[in-house]
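For reference, the structure discussed in these notes is given below.
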Amino acid sequence: MRMENYPIFVKLQDQPCLVVGGGEVALRKIRLLQSAGAKITVIAPDICKGITQEFGPNIQHNRKKYEDSDIGNYRLITAATNDVNINAQVSARAQALNIPVNVVDQPELCSFITPSIIDRSPVILAISTGGSAPVLARQLRSKLESLIPAGYGRLALTMRKIRDEVKTRIVDEKSRRLFWEKIVHGPIAEKIFLGQITSAETELQALIDTPNAYIETGAVWLIGAGPGDPDLLTFRALRLMQQADIVLYDRLVSDDVLNLCRRDAERIYVGKKRSDHSLEQTKINQLLVDLAKQGNRVVRLKGGDPFIFGRGGEEIDLLSKSNIPFQVVPGITAASGCATYAGIPLTHRDHAQSCLFVTGHLKDGTVDLDWYQLATPNQTVVIYMGLIGLPIIAKELIKHGVDKNMDIALIEQGTTPQQRVFTGTLNNIVETIERAAVRAPTLIIIGTVVQLRKDLVS
């Protein structure tokens, strides 16, 4: 989904800004502009007591009704009256002159919007819903307020002091980034949060003066990206994704998940689909080793869980033999995530005493599975990568004793907004695939637990 608004921060120190309106709403906007150092002019027949008390001589009040001729050389304009016609007039005039204008509570008249703000100056966080849900923006701000210490402002000021020196002394861009990350994630930042600025600055200078003290060896992190919904990522996965230099990802990793990686990290697609492997598995294994030996922190991002049909074991085997540090971060596997989102409990005690995960991937045009085991009564069978081979799977299960009316569900793009769920029986599911044009990735669930979906999905 495209951004409705491009986020930007504007310098307003000593810049002329106009506010049309003199009530409580205008007061809130004046407070923001004043905190940014703007020179504020207010046009209104009268101004409220709050504006007079808080700002008095610090603003220029033109006691009059608004006219189009009032708009001159302003950097930014805010319309905050209770008259929709005047607000529309201000918006039209400002936009005709290419002056950014905000009309309070009328986003359709705005050329910019003012977000909900968390102020840890010089660190500023802005939260916006594009004017569609300001209450939600305020709620998000209140959640973040408790997570971001006031000391982050002091940390930013301390980093500003040495920024030029660090840029001069540490020429290599990657080395410089590693230096700053060691500051932000280490004990120096903690000292600044506690107000121990002098001690922190001493340690900072010592770090600058110690060549390569901040350089770390490469490492590989195998991360389960889950079945698609970014909300299903673990905290550890998100933290490591934000630190990666390079991200190798497969085709099952959703764009929403991939976009949570550090924005300047290099991205390498190594996905596979039937008869189309962008990179062979052995080459992926070696690439992980080579990139880590170059000093990179490499994230191998895998759909689902790395150790459930993800070939993560093959990758860490070579990493271990090559003495490359690695971590494996589990993810929610498709069987669990997709079944839950589809309203199908895999092991309801009235229907299944076991649950079997298998891969239905075709090899040489055949599906080589233990059909007798799959045909065991009172169990749920979950099939990964089985869409192409489903006609064979259904035929063989019926042949080995499974009722042709056994329930089956297909979950296409599970846990994502594009999720589609189709139910049927072994006898008719192939017709459903053809009629609905079902496409991979699709998870298959076979068992009487599928019947529960009608009661568990509203």
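All residue names refer to the structure tokens as shown: chains lettered A, B, ... in order, residues numbered from 1 in each chain, ligands numbered from 1 in order.
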Query raised in the report: Out of range 275-404 of chain A, which residues get helix (DSSP H, G or I) from DSSP, as a ChimeraX atom specification?
Result: /A:281-293,312-321,334-342,371-374,390-399
Report task. For Ser132 in chain A, list every protein, DNA or RNA residue within 10 Å, evaluated using only C-alpha atoms, and leave out those in the same chain fewer than 5 positions away; present the list as a ChimeraX atom specification. Result -> /A:105-107,137
With N, CA and C atoms retained, export the selected residues as a short mmCIF file (atom, residue, chain, number, x, y, z; two decimals), in the first residue's frame.
```
data_model
loop_
_atom_site.label_atom_id
_atom_site.label_comp_id
_atom_site.auth_asym_id
_atom_site.auth_seq_id
_atom_site.Cartn_x
_atom_site.Cartn_y
_atom_site.Cartn_z
N ASP A 105 -8.92 19.42 11.23
CA ASP A 105 -10.06 18.50 11.11
C ASP A 105 -10.71 18.48 9.74
N GLN A 106 -10.03 18.99 8.72
CA GLN A 106 -10.54 18.91 7.35
C GLN A 106 -9.39 18.46 6.44
N PRO A 107 -9.03 17.17 6.53
CA PRO A 107 -7.85 16.68 5.79
C PRO A 107 -7.95 16.89 4.29
N ALA A 137 -4.03 7.81 16.56
CA ALA A 137 -2.67 8.35 16.61
C ALA A 137 -2.30 8.73 18.04
#
```
Requested in this report: For range 404-409 of chain A, please output as a ChimeraX atom specification all residues within 12 Å (counting only C-alpha atoms; exclusion window: fewer than 6 positions along the same chain).
Outcome: /A:335,338-339,342-344,346,351,375,377-383,387,390,393-398,420-430,432-433,438,442-454
Requested in this report: Compile the contact shell of Arg154 in chain A as number ranges by chain: residues with an atom at most 12 Å away, counting only C-alpha atoms, same-chain residues fewer than 4 positions apart removed.
Outcome: A: 120-123, 149-150, 158-161, 184, 188-198, 200-201
Would you pick out the contacts of Thr129 in chain A at 12 Å or less, using only C-alpha atoms, so that residues sharing its chain but fewer than 5 positions from it are not included, and give the list as a compact mmCIF listing (two decimals) with C-alpha atoms, in the first residue's frame?
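What landed in part_9.txt:
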```txt
# COMPACT_ATOMS: atom_id res chain seq x y z
CA MET A 3 1.86 6.15 1.69
CA GLU A 4 -0.89 8.75 1.64
CA ASN A 5 1.53 11.40 2.88
CA TYR A 6 5.27 11.81 2.55
CA PRO A 7 6.76 12.27 6.05
CA PRO A 107 -7.85 16.68 5.79
CA ILE A 113 -0.94 17.36 8.10
CA THR A 114 0.42 17.72 11.63
CA PRO A 115 1.11 14.36 13.27
CA SER A 116 0.84 13.29 16.86
CA PRO A 134 -6.49 11.18 15.19
CA VAL A 135 -7.71 9.34 18.31
CA LEU A 136 -5.80 6.25 17.18
CA ALA A 137 -2.67 8.35 16.61
CA ARG A 138 -2.95 9.71 20.15
CA GLN A 139 -3.34 6.20 21.54
CA LEU A 140 -0.22 5.03 19.71
CA ARG A 141 1.65 8.05 21.03
```
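Nearest-residue note for Tyr66 in chain A: choosing from A:Ile332, A:Leu155, A:Leu27, A:Leu18, the minimum distance belongs to A:Leu18, counting only C-alpha atoms.
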Requested in this report: Would you kindly return, as a list in words, each protein, DNA or RNA residue with an atom no farther than 10 Å from any atom of Arg263 in chain A, considering only C-alpha atoms and excluding same-chain residues fewer than 2 positions away?
Outcome: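 Selected residues are Met241, Gln242, Ala244, Asp245, Leu258, Asn259, Leu260, Cys261, Ala265, Glu266 and Arg267 of chain A.
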Requested in this report: Give me, please, the distance in Å between CA of Arg439 in chain A and CA of Val257 in chain A, quoted to one decimal.
Outcome: 20.6 Å
**Report entry** All strand (DSSP E) residues (DSSP, backbone) inside range 330-447 of chain A, as a PyMOL selection string
**Finding:** chain A and resi 354-359+379-384+407-412+420-425+442-446
Which residues of range 277-309 of chain A have any atom within 10 Å of an atom in range 227-238 of chain A when counting only C-alpha atoms, and what is the closest pair of atoms for each, with the distance in Å to one decimal? Order the rows by chain and rising number and write it as JSON lines.
```
{"residue": "A:Val299", "atom": "CA", "partner": "A:Ala237", "partner_atom": "CA", "distance": 9.5}
{"residue": "A:Leu301", "atom": "CA", "partner": "A:Ala237", "partner_atom": "CA", "distance": 9.3}
{"residue": "A:Lys302", "atom": "CA", "partner": "A:Pro227", "partner_atom": "CA", "distance": 9.4}
{"residue": "A:Gly303", "atom": "CA", "partner": "A:Pro227", "partner_atom": "CA", "distance": 5.9}
{"residue": "A:Gly304", "atom": "CA", "partner": "A:Pro227", "partner_atom": "CA", "distance": 4.9}
{"residue": "A:Asp305", "atom": "CA", "partner": "A:Pro227", "partner_atom": "CA", "distance": 8.6}
```
